[in-house]
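Q: Let me give you the structure first, and then I'll get to my questions.
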Amino acid sequence: MEGASVLTPPRQELESAVVRFAGDSGDGMQLTGSQFTLATALAGNDLATFPDFPAEIRAPVGTTYGVSAFQINFGGRTIRTAGDALDVLVAMNPAALKVNRADVKPGALVIVDSGAFTAKNFAKAHYQANPLEDGSLDAYRVMEVDMSAATEKAVEGHGLSKKEALRCKNMWALGLVYWMFGRDRQPTVDWLESKFAAKPEIANANIAALNAGHAYGETAELPTGVRTYSVPAAKLPAGLYRNVTGTEALAWGLVAGCKLARLPMTFCSYPITPASQLLHSLAGLKSFNVTTFQAEDEIAAACAAIGASYAGSLGVTSSSGPGIALKTEALGLAISVELPLVVVNSQRGGPSTGLPTKTEQSDLFQAVWGRNGDAPLAVLAARSPQDCFEVAIEAVRLATRYMTPVMLLTDGYLANASEPWRIPSLSDYEAFPVSFHEEPEGFQPFARDAETLARVWAKPGTPGLMHRIGGIEKDYDSGNISYDPANHQRMTDVRADKIAGIARDIPEQGIEQGEAGGRLAVVGWGSTYGPISRAVANLRAEGADVSHVHLRHIWPLPANLEALLGGFDKLLVPEMNHGQLVKLLRAETLLPCAGLSKVSGKPFKIAELETAIRATLEG
Amino acid sequence: MEGASVLTPPRQELESAVVRFAGDSGDGMQLTGSQFTLATALAGNDLATFPDFPAEIRAPVGTTYGVSAFQINFGGRTIRTAGDALDVLVAMNPAALKVNRADVKPGALVIVDSGAFTAKNFAKAHYQANPLEDGSLDAYRVMEVDMSAATEKAVEGHGLSKKEALRCKNMWALGLVYWMFGRDRQPTVDWLESKFAAKPEIANANIAALNAGHAYGETAELPTGVRTYSVPAAKLPAGLYRNVTGTEALAWGLVAGCKLARLPMTFCSYPITPASQLLHSLAGLKSFNVTTFQAEDEIAAACAAIGASYAGSLGVTSSSGPGIALKTEALGLAISVELPLVVVNSQRGGPSTGLPTKTEQSDLFQAVWGRNGDAPLAVLAARSPQDCFEVAIEAVRLATRYMTPVMLLTDGYLANASEPWRIPSLSDYEAFPVSFHEEPEGFQPFARDAETLARVWAKPGTPGLMHRIGGIEKDYDSGNISYDPANHQRMTDVRADKIAGIARDIPEQGIEQGEAGGRLAVVGWGSTYGPISRAVANLRAEGADVSHVHLRHIWPLPANLEALLGGFDKLLVPEMNHGQLVKLLRAETLLPCAGLSKVSGKPFKIAELETAIRATLEG
Amino acid sequence: MNVHTPPEQLKPKDFASDQEVRWCPGCGDYAILKGMQKTCADLGLKPETTVFVSGIGCAARFPYYMATYGFHTIHGRAPAIATGVKLANPELDVWVIGGDGDMLSIGGNHLMHALRRNVDLNILLFNNEIYGLTKGQYSPTSRVGTRSPSTPGGSLDAPVSATLYALGSGARFVARGVDTQQKQLPEVLKRAHAHRGASFVEIFQNCIVYNDGAFAHFTEREAAQEMQVFVEHGRPLVFGKEGRKGLRLKPGSLKLEVVEIGDEGPEAAGVLVHDETDRMLATLLAGLQPPLPVAIGVLYCDPAESYERQVVGETAPPPVEGDLDALLRRGHTWTVE
Amino acid sequence: MNVHTPPEQLKPKDFASDQEVRWCPGCGDYAILKGMQKTCADLGLKPETTVFVSGIGCAARFPYYMATYGFHTIHGRAPAIATGVKLANPELDVWVIGGDGDMLSIGGNHLMHALRRNVDLNILLFNNEIYGLTKGQYSPTSRVGTRSPSTPGGSLDAPVSATLYALGSGARFVARGVDTQQKQLPEVLKRAHAHRGASFVEIFQNCIVYNDGAFAHFTEREAAQEMQVFVEHGRPLVFGKEGRKGLRLKPGSLKLEVVEIGDEGPEAAGVLVHDETDRMLATLLAGLQPPLPVAIGVLYCDPAESYERQVVGETAPPPVEGDLDALLRRGHTWTVE
Ligand SMILES: Cc1ncc(C[n+]2csc(CCOP(=O)(O)OP(=O)(O)O)c2C)c(N)n1
Ligand SMILES: Cc1ncc(C[n+]2csc(CCOP(=O)(O)OP(=O)(O)O)c2C)c(N)n1
Ligand code: SF4
Ligand code: SF4
Ligand SMILES: [Mg+2]
Ligand SMILES: [Mg+2]
């Protein structure tokens, strides 16, 4: 880059911007990202964030596989995804540059800590030459600052060791980006002061670095093309907001569901990426009538949850693909004995161990059809971090109302991504209190509700209702073992009818955008909501005849879905798998749904969807 | 029944006949049945048999749930099923009558041991009154003989205790039925002599009973309507025959497959009904290069089989629904590391523990789609006892040629049913010897065959080929861990393409009966072959425009299947489940396949299928 | 809440359900069922707060025959399901029933974890050294050389000892009983019930069909006296005719040996006094094999606080329940006007 | 075939694969890897007949770093997979690697069965008393009170002892090592390798990120002498500065206690001599806990024939292979003309 300096131009207004902070695992990129998120939220933008951790716990410093990144997309309009491509990349070392460069928009800004661009670090990142000098960044605007040196200087006099001083580098970078986007530093100053309350010298040093980064922006003569921006506040509905990740929303949604059902929760799980966070979140909520149990494995976790439901609690179990696979036999038992159970699957890349830290939607088949025997259950999918709250409540409602396991599908993206959330009140939701059966007169453990076909829930401890249940086929009423052929047919039918009947108890399938018929509907489910929604919006803005339909209820499907989809000439089903919902829809509706598959461990880009939709419309 | 006696009329010729022997578990009905089968086979009939054991190990004598039965259908034409309804029922006690009566054709013959029709036995069978006297058998021809007394008399002088004497009752009954159908007693005499070689008094007593039963038929004045029959020999292809159960054929087929592949077999399993028999059969075949391993559970069994394949043997594992469910995670590993593996699922009634001793086809979804991640494998289904031999060979062929797990679906019916089998020679089959990779030069563990896309098989112990594999996503060539997004897409694609490509390596889908297009095709899979085949034949004989298509390859489907099925106006898919293949076919072909579901733990009756086909043709 | 005073004293037969018992005639399970029903009556258990949880196998049919709550689950998983039951409601009296295959083949891991966690379950393993329900294959407790349908040439692998395994897993109550000993068995079951935390009881159970007489060498009337030592806390380890034999430490070693007791009594002969809180002694006793006598009774009992009581607390859930609305508003929030 | 004479003597580094090692800097796994590579070189193992099989976890990444055959399988199942490997090819040298979560949480059952069956595997459990790979949850070997993401209030359940569990499972070789003890660890590994049948080695491994210093109280240089007893067959159980402390049986009990060794030597002080064939002594040693010293080395070794050798036989498959055509024609057959 030539160093021609100009006066800082006035702030340029952007509808939205995508910024990624990337550095070594030890560089504090996640903290930096959350602080920027907070400041951005307080500035009134809508936003979406996505952290990207390395698979290794603590990879050697400077390696490409040790790079940790945090991405945020924010704007004055509704934000749907963490963003396709970067407007600003902050790269704290060569490895971070190497791993993230491909995602930068041509012409966009790359800020690097030139102090970390040393021969040693080039080698660790497997760079043959200095990328700042070999022309490989010509497509971008590059801002080189020796942040390391600048930080060291900024924190001088706070009594920090060199190592400690360098740890403040992220705050220097944050200060610079704050300046660039006109953000208020005060919340971060407050946060630093409270976080390091016990070590004021660390707090002060970090604040000094933050201010120095900011001041650098204000005072330094910046290279051509480095501008400051303003992103106007979004028009969000009025209310009290917070930022929420999918995992938090899910944890709270499960608690809310249990409160609405008036049940204690027994949450049984075994750690697995990316599901463990849910266990961690709930482990801290004991005072909310939540018991958490880290079982010896996933089978035990599912079984303990079933045991808890049997005893009158709501059993919840959670895992990711391989762990859900292990629960298969136990789910069959829950289906057979008709007990409520919520099973959360935070999907990750498969098959087998696959890509534990990457996102995927490839467990839909397993959820709907992956059991021995005719073993139907309900399947729901969350579409966004905040939607996890709603879907968790719905899962508890269906599980208790229909005495059935409910599989709730989320994924690695949703688990970690965050977005602003208008905080609801428990009183916004209609309660669905469970009433346990208590009347001994004429008691039959498999007596069913005429409407829902759910059997009664009679829990141990209730006088006069002693009975036996099990996984062998049961007599239609008494639940005693029955080998009778006609009874087996009847039981198989009623198990299927019960689940199918849920279709009458869920909202009709709506349309996210567009008309209820026309040339093309893009049909999605789960975390593809964001990119599909934006892609469809963009194309509709161009006048394309395309609608967006997004499923929450995967099984049973909404009653009107077939009719709704039948109104379109074409149907495109984008999924982060090799084509699963698309097969289910084809089987159920015989409509010529076409699949759009992406299996790279990464969410769809808006542009990828736009291209596919255009091709379909033209095709 | 009135006892009016007449002279025995001349033998009546029957095209086919269905006989069921039913009695207490201790009455030796299975032995009786196999002897009758043998004699019938020797008489040149085609036949099919089906035993029906009680679920309890040894239920109290005289109870309905302790009844054991053996059914045989035999005839001068091709026999497809064990028969819808009985021409002759032999009921050794009231419980046997109670349980089996409903299956007797109106007007058909019921032979009872009146000596066992005592008040005590009525109570055990929960009969309020003597069924021989209350008119409940008016629809049948009933032959009452005090077989108990007759047997005791017949074996007098052989020095047996009363208990031992009564154990010969089944041979008395067999003798009578031999007389009725003009069967040769000699093979049974030979068998008794060899079986009881160590106890000649027992052999002689049994022979005496057999002869006495036969003599009774010849000399006694029989009641009206009791006739003797002759069933002409069937026109079977010339050759050497034996009777074979599905389990035997499967065991031998696996051995044959391994011989053709030039591989030792490591068979790893955990007992479960109705799969255990396969373990038992193979446990005796150590000298055929078979190692059997009873693992601690199904997971360990699958894993040990995978370990064995890794080490260069053919790993085979076997179970039934709930056990297959437990293997799910391990199957994902085998798919991911691309090792050959044969997985046999002897399906039983589900969900959960379900109906362990009853047959069902409800694990198709689990086989094709029941895993986390995009995890394709090949799925085959056997249609008849002898077909198990062919399908087992095909499973070994595909597993080794494509380095993939193959799921072989059989069921409780096939496992136990038997039929005559023209014994093949190993030389009838083309060998498919495995060649292990041994060349270190340029070795890449995931290098693929250009045609099959199968990776090389390089087994530990080979110098110069040391490498590491695992369930994490792998680099396309080296197999080293790779988190690269594009590589994951490529690997997911190639895993799918490899399995899809099997469609090029399997026969085109043929038509069992009828034309390659027309008004209706009945599309079946697995053990419904017999009844569908007979029902279609019957209706075609009446002139109906109906064809029969039967799938062996469930996944991938034969390449021409869509086109073939597209030539029919209507498609009917009968299954012993709640509709699984039908969904798969709809999803794959978008053809309006209709399902016909039976989930009672019992095979379809021919009549049920005829009714459904007629309704479809008319509808 | 392990001891209740029911309004009226129930009899053993009041604990029999209305289901027809479907084990093979002569199966040892009948005797255990009888012993259990007597135990329930003796303890005055309430049927409505008593739960039997089982896996799969002949033994695991047990719950159907008890007029209490019962859950016949899946193979090997009963200890895990029972753990969930206790977590949800620690007030219930939970009994776990399974065979040697159920608990030591497929279910060995859950057994270990229930024991080490010390969940307040009474775990009864009916050991018949065979798979009954699946028709006679050898099990992990079958002796070497067992001929079975899956091992026609005789089994090769060394069996695991249920009690040594339980001790190695960290169990705090380990006992043994014999199906037909209708005096001793209920006493052992009562001790198991009284022990708060996981109680493990191995019951030698005769499978008359597939493994008849497996334990005859120490359970048959003639053999019992010489081949069984019934251990009782604080009492010398004596057995044999007129109690004239005892067990002592073989001098200079860590092995037990049989000693004849003279007229001066057991102490003089160096016979050990049973200390059920001594894990090493329990390990020695559990490992006794013919020609030494088989130890029956409570081998080990050394209570510690039970898991679910620590999880849930001694009392019901906290009276003031967490306020979810407040939780959602905790941390950084902002208002959009 | 456990000892080979390779054409040329390989060095430890020849056993290092080309893959970049990806544990956290300072992780104890590095030291174990080094010890293993040295062991392989010292034993003259052939890379082509050596196989490392692992489950999932940080420890289970081990095979990637060895220039041998390696199979990184699924969580908890490595002993089962390795059993299959040995059944198919008993000539291979098979090492099984896993963490405390892998082998004692999800995989406890397979471990037990591999041990009781006595499959000729060298099973190394890297015990860091934590789940490393999933970021620090407590494990079944974590001490009571462990604060972890899943137990913010401290864990409640009693840990299982890996070595007591192995002994209770019927293992015939049980040993212990410490990651950083580069002299002793390879010796222990060599003993494990020499033992035909299942060898179980617990290796205390420091997880610097999630459980740093878990074993410092007996592995730190200053503590080691007083808090470790390195046991050797036939040698007295001495430790401490200048070997002036020893372990003896507390008189009249089945417990070990520490005794000061006077000038008359260990024997006079009643110090026990280690007998590695004595299962009870091994059980006592395995159970030693602070303030008593931790026992390191081969606690137990009492060989028996290995499983796969019995299954497959000492020699290759029978030379004359069964004739399938003849088999199919055995029993009743008939001819249709
Ligand atoms: C997942 C699964 N695997 C296998 C089986 C088959 N099965 C049922 S009971 C049993 C073992 C029975 O042995 P044991 O537990 O000793 O009980 P017993 O019948 O001897 O009382 C087996 C293998 C099953 N029902 N489920
Ligand atoms: C079936 C399954 N369940 C859970 C996981 C997640 N998981 C991976 S490693 C691990 C435990 C790791 O602990 P440990 O075995 O002690 O190994 P360490 O990382 O401490 O070396 C878990 C729970 C998984 N990969 N697969
Ligand atoms: S098979 Fe054995 S254990 Fe099962 S019921 Fe019969 S006798 Fe009892
Ligand atoms: S998390 Fe712990 S065990 Fe895992 S690599 Fe890091 S230091 Fe080692
Ligand atoms: Mg048993
Ligand atoms: Mg660990």
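Labels for the structure tokens follow display order: chains A, B, ..., residues from 1 in each chain, ligands from 1.
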Can you tell me which residues come within 7 Å of ligand 1 when counting only C-alpha atoms and all ligand atoms, ideally as a PyMOL selection string?
A: (chain B and resi 270-273+297-298+322-323+326+353) or (chain C and resi 56-60+74-75+98-103+126-134+139)
Q: Could I get the residue neighbourhood of ligand 3 at 7 Å, counting only C-alpha atoms and all ligand atoms, as a count of residues only?
A: 19
Q: Extract, using only C-alpha atoms, all DNA, RNA and protein residues at most 6 Å from Arg141 in chain B, discarding same-chain residues fewer than 5 positions from it, and format them as a PyMOL selection string.
A: chain B and resi 107-109
Q: Now that the selection is made, can you save its residues with N, CA, C and O atoms as a PDB file, in the first residue's frame?
A:
```pdb
ATOM      1  N   GLY B 107     -65.335 -75.585   7.201  1.00  0.00           N
ATOM      2  CA  GLY B 107     -65.463 -76.894   6.578  1.00  0.00           C
ATOM      3  C   GLY B 107     -64.218 -77.736   6.624  1.00  0.00           C
ATOM      4  O   GLY B 107     -64.241 -78.909   6.243  1.00  0.00           O
ATOM      5  N   ALA B 108     -63.144 -77.195   7.110  1.00  0.00           N
ATOM      6  CA  ALA B 108     -61.903 -77.957   7.136  1.00  0.00           C
ATOM      7  C   ALA B 108     -61.849 -78.862   8.365  1.00  0.00           C
ATOM      8  O   ALA B 108     -62.728 -78.836   9.227  1.00  0.00           O
ATOM      9  N   LEU B 109     -60.766 -79.627   8.421  1.00  0.00           N
ATOM     10  CA  LEU B 109     -60.690 -80.681   9.423  1.00  0.00           C
ATOM     11  C   LEU B 109     -59.931 -80.238  10.670  1.00  0.00           C
ATOM     12  O   LEU B 109     -58.831 -79.689  10.570  1.00  0.00           O
TER      13      LEU B 109
END
```
Q: Quick one: everything within 10 Å of Ser306 in chain C, counting only C-alpha atoms, minus sequence neighbours fewer than 2 positions away in the same chain. Send it as a list in words.
A: Arg117, Asn118, Val119, Asp120, Leu121, His195, Arg196, Gly197, Ala198, Pro303, Ala304, Glu308, Arg309, Gln310 and Val311 of chain C; Leu156, Asp157 and Ala158 of chain D
Q: Generate the output file for the selected residues, C-alpha atoms, as a PDB file, in the first residue's frame.
A:
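Result written to out-v4.pdb:
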```
ATOM      1  CA  ARG C 117     -22.809 -42.178  42.687  1.00  0.00           C
ATOM      2  CA  ASN C 118     -24.541 -43.901  45.543  1.00  0.00           C
ATOM      3  CA  VAL C 119     -28.054 -43.304  44.273  1.00  0.00           C
ATOM      4  CA  ASP C 120     -30.524 -44.598  46.852  1.00  0.00           C
ATOM      5  CA  LEU C 121     -31.626 -47.638  44.885  1.00  0.00           C
ATOM      6  CA  HIS C 195     -29.239 -48.767  53.607  1.00  0.00           C
ATOM      7  CA  ARG C 196     -29.550 -45.271  52.251  1.00  0.00           C
ATOM      8  CA  GLY C 197     -27.615 -45.033  49.020  1.00  0.00           C
ATOM      9  CA  ALA C 198     -27.096 -47.726  46.418  1.00  0.00           C
ATOM     10  CA  PRO C 303     -23.031 -45.753  54.369  1.00  0.00           C
ATOM     11  CA  ALA C 304     -22.337 -42.352  52.863  1.00  0.00           C
ATOM     12  CA  GLU C 308     -30.083 -37.655  44.945  1.00  0.00           C
ATOM     13  CA  ARG C 309     -30.315 -36.256  48.458  1.00  0.00           C
ATOM     14  CA  GLN C 310     -27.300 -34.134  47.759  1.00  0.00           C
ATOM     15  CA  VAL C 311     -28.675 -33.062  44.390  1.00  0.00           C
TER      16      VAL C 311
ATOM     17  CA  LEU D 156     -21.381 -34.383  44.331  1.00  0.00           C
ATOM     18  CA  ASP D 157     -20.740 -37.912  43.184  1.00  0.00           C
ATOM     19  CA  ALA D 158     -17.892 -40.042  44.455  1.00  0.00           C
TER      20      ALA D 158
END
```
Q: Counting only C-alpha atoms and all ligand atoms, figure out which residue out of D:Gly153, D:Ser161, D:Phe62, D:Val51 gets nearest to ligand 4.
A: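 Smallest distance to ligand 4 is found for D:Phe62.
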Q: Give as a list in words every residue of chain C that touches chain D within 7 Å, counting only C-alpha atoms.
A: Gly108, Asn109, Arg116, Arg117, Leu156, Asp157, Ala158, Pro159, Val160, Leu164, Tyr165, Leu167, Gly168, Ser169, Gly170, Leu254, Met280, Tyr307 and Gln310 of chain C
